Amino acid sequence: MQNESLALQYLLSGITKGSIYAVVAIGFNLIYSATGIINFAQGEFLMLGGMVAVTLAAYVPLPVAVTGAVALVALVGGLLELAFFRRLRRHSILHLVIITMGLSIVIQETALHIWDEKVRSLPYFTGNEVSSVRFLGAAISPQVLWVLGTVALAVLGLHFFLRYTLTGRAMRACSSNPEAAMLAGINIPNMRTLAFGLSAALGALAGCVVSPMTMTHYEMGAPLAIKGFAAAILGGLGNPMAAVAGGLLVGLLEAASVSCLPAVYNDVSAFVILLLVIFVRPQGLWGALAPDRVREH
Amino acid sequence: MALLEVTDVRRAFGGLAAVDGVSFTVKPGQIKGIIGPNGAGKTTLFNLISGLLKPDAGRITFRGRSITGLKPYEIAGAGLSRTFQNPSLFLQMNVLENVMVGRHCRTRWGFLGCGLRWPGQAREERAIREAARAQLDVVGLAHLAGWSAGALPFGQRRMVELARALATEPAMLLLDEPASGLNTREKEDLGRLIRQIRDRGITVLLVEHDMSVVMGLSDDLLVLYNGRPIAEGAPAAVQNDPRVIRVYLGEDLQNDESGGDAPPRAPATPPATCCSR
Amino acid sequence: MPRLRLLFLLALFPVMVAGAQLGLRAAGMEYCLTQLTMSVYYALVVMGLCLLMGYAGQVSLGHGAFFALGGYTTAVLTTHDFSGIRACAGVGVLERAGLLVAQQDLYGQAGLSVAPWAAFAAAMLLTFVVALLIGYPALRLRGHYLAMATLGFTLIVSKLLLGSALTGSADGIHGVPEWKLLPGLTVSGRSALRVQNYYLACGLALLLLLGLRNLLRSRVGRALLAIHDRETAANAMGINTAAYKLKVFVLSALLAALAGVFFTHYTGGIAPSEAGALKSVRYVALAAAGGMANLWGVTVMSIALNYCSLRGWFGSYDNAVFGALLILIISLAPEGPLKPLGLWLRRLAGRPDPERRTPHGAP
């Protein structure tokens, strides 16, 4: 009984972490599909979302603060596309990816100078640190339910957006066949801006819901970006829903390694398994063997 | 004895058979043409022979040795070189260097020797340069040796690619639609060049869409339709084969009507705009 | 013409190197040579990446890990006390052969460690094997997938280094002995040997630059460029693309490890941050900022930028300035800021730009 509830605890923590990685991986995928770029600044969107929400929460009610943070970070994402990637059409994908690395560093340092290096957090959305919900014998924080619920809603919403709305379909058209999409009158550059904005918004939302549990710190972005990148690759690039599975998988692997290995080797087993998987399946678990976009330029 | 022997080769893409039981032979010193309407499986067949694709079934023998399933570089080393439908030059190099790449499989110095510039390596490097220049001379582009490959118009790219293939010292040359995108004068030059290459003892197998080129040039023709061979023989005989007339020429007329805008192949682009970054 | 340029560069590089040293001495700032020497060692890693990324077109976020692999191997072997195995058969032979040497640790305790030369050989051998094992499966991957695989490798290595007591966990390893390379030539951070070590590092860099330049102007270099440009066509032209990619990966990993070994003996220690993902990203970024397929460009760029940040010129803004510079350089001059400069010099000398020549300008 004791063991079972402990296992369940690990399972839940894996799913919680995994759902955050899933959101980051979806963000990678949205931008990758629209532009071919891997946006290494993706993790910074989560950090920014958390930071802005914490700042706003001092003045306005929590829901308003979160909404405001999501909107503001979405704006930042869109502006980054307008300021850099729209102008640099002649650059190779690799150069653009390196620019996102630069952006990640600059955003991080800017955050350091705005918010200093203190760890901050939003208040728990319901209850507090010690309140817990019993679930099949395991104690879980209500915030976990918030995270899972928000992520599930966001993923479903995104799914419906991409599948059933005109704009969403236009975005998918851009990624599967840019030339045909252009001929069909779709404004591809705007779709790219939208992809950056959307992916930033998703990131900011995730950054807000995890803030009460994992805290928000100016350096939190890079590790999240790496895990999210791993999740996106594991699932297979270009497939946002595979990213969800990839994210959950990475989260569960991490929880499993926490439960049976010394803490310092936390991520080792997760990355070893990731490497083994992509060595066996070079296109990721659910990815299509597509021509390499990096070399297209 | 046949130089190249293709026996019952098959290859399907997702259930759709692109090449379905093709057998033929090429004799040394021949110019053999493979014709067929679009989608007949000509390029797939070429990719199978040159190792870019692996056949699902069947055997390919070259100079009496099986080359089925070998890697492309091994096949090139065995003396079977090819060109591509869209000239695929290395755009970061100049014209001469492109042709020098063709000498790769006939030269041997490795990382260490090249890094240390060992005396033998320097000699080999000079030999590579000379041989490449000679091949450029053959296609008549020696005066463009120093230019960036990306700056050349389409027709000249094709000639450089031909020189590059020749630089591998092939016993047999596979030409994938060498005349497409060329103007009438360039086509005539090409025909003359191909005959010249054959006269130097290099067997030529070419896939071609343009009937005028292939009829006048080939000693022997193979007609493909829907991935299957439907006729083989001398051009005159094939031309009068009722099946060929029905499926190929009938198709071809259709193609000609709709074909005007079908292949979005770049014509001789003005060099100023296609100059690479 | 290429010969002339080579002579020019051969003359220019030593003049720059000596000029920097004499200038710093005149300014009474010879202590800056330490950071300059370290930057030169870092530049060796970037030179290897230039070969791998710029020429062969294969991304690697794993070179920080190879640097650390070299550095840690030599650090562990030369500082770890092996006197426990003294009783074993054959140890005496190794000791007499000079492979094992008596050493004093920081606290004056006598011990038995591996001689630096032997440790160096072991480091290169280990890196060779690891690079083969990682490169063989990873190089079948393309683009972003290759980036992830090499990044995963870096993270695994850095976690293992952080977690293992043998490698000193979060503290890394200190007290690595100096390395008597040749009589009168010692890799050491002692201030008396500062000038000597500066010239040693620059000499090493020059030798490697020349070797790599030879390599790139040979059939190997053309094969690498061909793979970068069109892998299929390269293969069809007789280049064993898989083997070449693996070989250049291993070569660049060995360069990184070599830099790691020298760096560790020079600074007397190595910390786990050397293996961190950020370092690997930084090497890639430096290669990109130097123009990627431009050996001299990436070397100069990497020395300059690393020097600035090692000297702490940008203070607490170091990372921010680095990121901003990176964005600026890559947005404005994706071929590296030195390339336009080089073209401008050529034009000044009345030579046409090789890239601009078109058939229309034919004589």
# chains A, B, ... in the order shown; residues from 1 in each chain; ligands from 1
$ residues_around --residues "range 2-19 of chain A" --least-positions-apart "3" --cutoff "6 Å" --atoms "only C-alpha atoms" --output "NGL selection string"
:A and (22 or 137-138 or 247-248 or 251-252 or 255)
$ residues_around --residues "Ala122 in chain B" --least-positions-apart "6" --cutoff "12 Å" --atoms "only C-alpha atoms" --output "PDB file with N, CA and C atoms, in the first residue's frame"
ATOM      1  N   THR B 107      41.427   8.531 -56.241  1.00  0.00           N
ATOM      2  CA  THR B 107      42.593   9.023 -55.503  1.00  0.00           C
ATOM      3  C   THR B 107      42.490   8.487 -54.080  1.00  0.00           C
ATOM      4  N   ARG B 108      43.592   8.613 -53.317  1.00  0.00           N
ATOM      5  CA  ARG B 108      43.549   7.825 -52.091  1.00  0.00           C
ATOM      6  C   ARG B 108      44.063   8.503 -50.822  1.00  0.00           C
ATOM      7  N   TRP B 109      44.717   9.648 -50.923  1.00  0.00           N
ATOM      8  CA  TRP B 109      45.297  10.204 -49.699  1.00  0.00           C
ATOM      9  C   TRP B 109      44.214  10.578 -48.701  1.00  0.00           C
ATOM     10  N   GLY B 113      47.584  12.354 -44.384  1.00  0.00           N
ATOM     11  CA  GLY B 113      48.461  12.734 -45.487  1.00  0.00           C
ATOM     12  C   GLY B 113      48.130  14.111 -46.025  1.00  0.00           C
ATOM     13  N   CYS B 114      46.842  14.399 -46.147  1.00  0.00           N
ATOM     14  CA  CYS B 114      46.432  15.699 -46.678  1.00  0.00           C
ATOM     15  C   CYS B 114      46.755  16.810 -45.694  1.00  0.00           C
ATOM     16  N   GLY B 115      46.562  16.541 -44.384  1.00  0.00           N
ATOM     17  CA  GLY B 115      46.843  17.562 -43.384  1.00  0.00           C
ATOM     18  C   GLY B 115      48.329  17.899 -43.352  1.00  0.00           C
ATOM     19  N   LEU B 116      49.165  16.901 -43.541  1.00  0.00           N
ATOM     20  CA  LEU B 116      50.618  17.133 -43.485  1.00  0.00           C
ATOM     21  C   LEU B 116      51.181  17.536 -44.839  1.00  0.00           C
ATOM     22  N   ILE B 128      45.197  15.522 -59.830  1.00  0.00           N
ATOM     23  CA  ILE B 128      43.738  15.699 -59.799  1.00  0.00           C
ATOM     24  C   ILE B 128      43.352  16.939 -60.579  1.00  0.00           C
ATOM     25  N   ARG B 129      44.122  18.015 -60.324  1.00  0.00           N
ATOM     26  CA  ARG B 129      43.833  19.285 -60.992  1.00  0.00           C
ATOM     27  C   ARG B 129      43.970  19.149 -62.512  1.00  0.00           C
TER      28      ARG B 129
ATOM     29  N   ASN C 214      45.754  22.803 -44.970  1.00  0.00           N
ATOM     30  CA  ASN C 214      46.167  21.809 -45.967  1.00  0.00           C
ATOM     31  C   ASN C 214      45.053  20.808 -46.212  1.00  0.00           C
ATOM     32  N   LEU C 215      44.459  20.364 -45.140  1.00  0.00           N
ATOM     33  CA  LEU C 215      43.410  19.359 -45.237  1.00  0.00           C
ATOM     34  C   LEU C 215      42.249  19.888 -46.077  1.00  0.00           C
ATOM     35  N   ARG C 217      42.282  22.153 -48.330  1.00  0.00           N
ATOM     36  CA  ARG C 217      42.609  22.380 -49.735  1.00  0.00           C
ATOM     37  C   ARG C 217      43.043  21.092 -50.399  1.00  0.00           C
ATOM     38  N   SER C 218      42.433  19.994 -50.000  1.00  0.00           N
ATOM     39  CA  SER C 218      42.783  18.717 -50.609  1.00  0.00           C
ATOM     40  C   SER C 218      41.497  17.993 -50.982  1.00  0.00           C
ATOM     41  N   ARG C 219      41.642  16.781 -51.445  1.00  0.00           N
ATOM     42  CA  ARG C 219      40.445  16.025 -51.800  1.00  0.00           C
ATOM     43  C   ARG C 219      39.538  15.829 -50.589  1.00  0.00           C
TER      44      ARG C 219
END
$ residues_around --residues "Pro229 in chain B" --least-positions-apart "2" --cutoff "10 Å" --atoms "only C-alpha atoms" --output "PyMOL selection string"
chain B and resi 19-24+34-36+40-41+222-227+231-232
$ interface_residues --of "chain C" --to "chain B" --cutoff "10 Å" --atoms "only C-alpha atoms" --output "number ranges by chain"
C: 55, 208-223, 225-241, 244, 247-248, 251, 335, 354-360, 362-363
$ interface_residues --of "chain C" --to "chain A" --cutoff "8 Å" --atoms "only C-alpha atoms" --output "ChimeraX atom specification"
/C:137-138,140-145,148-149,152-153,155-156,159-160,162-163,281,285,288,317,319-324,326-327,330-331,334
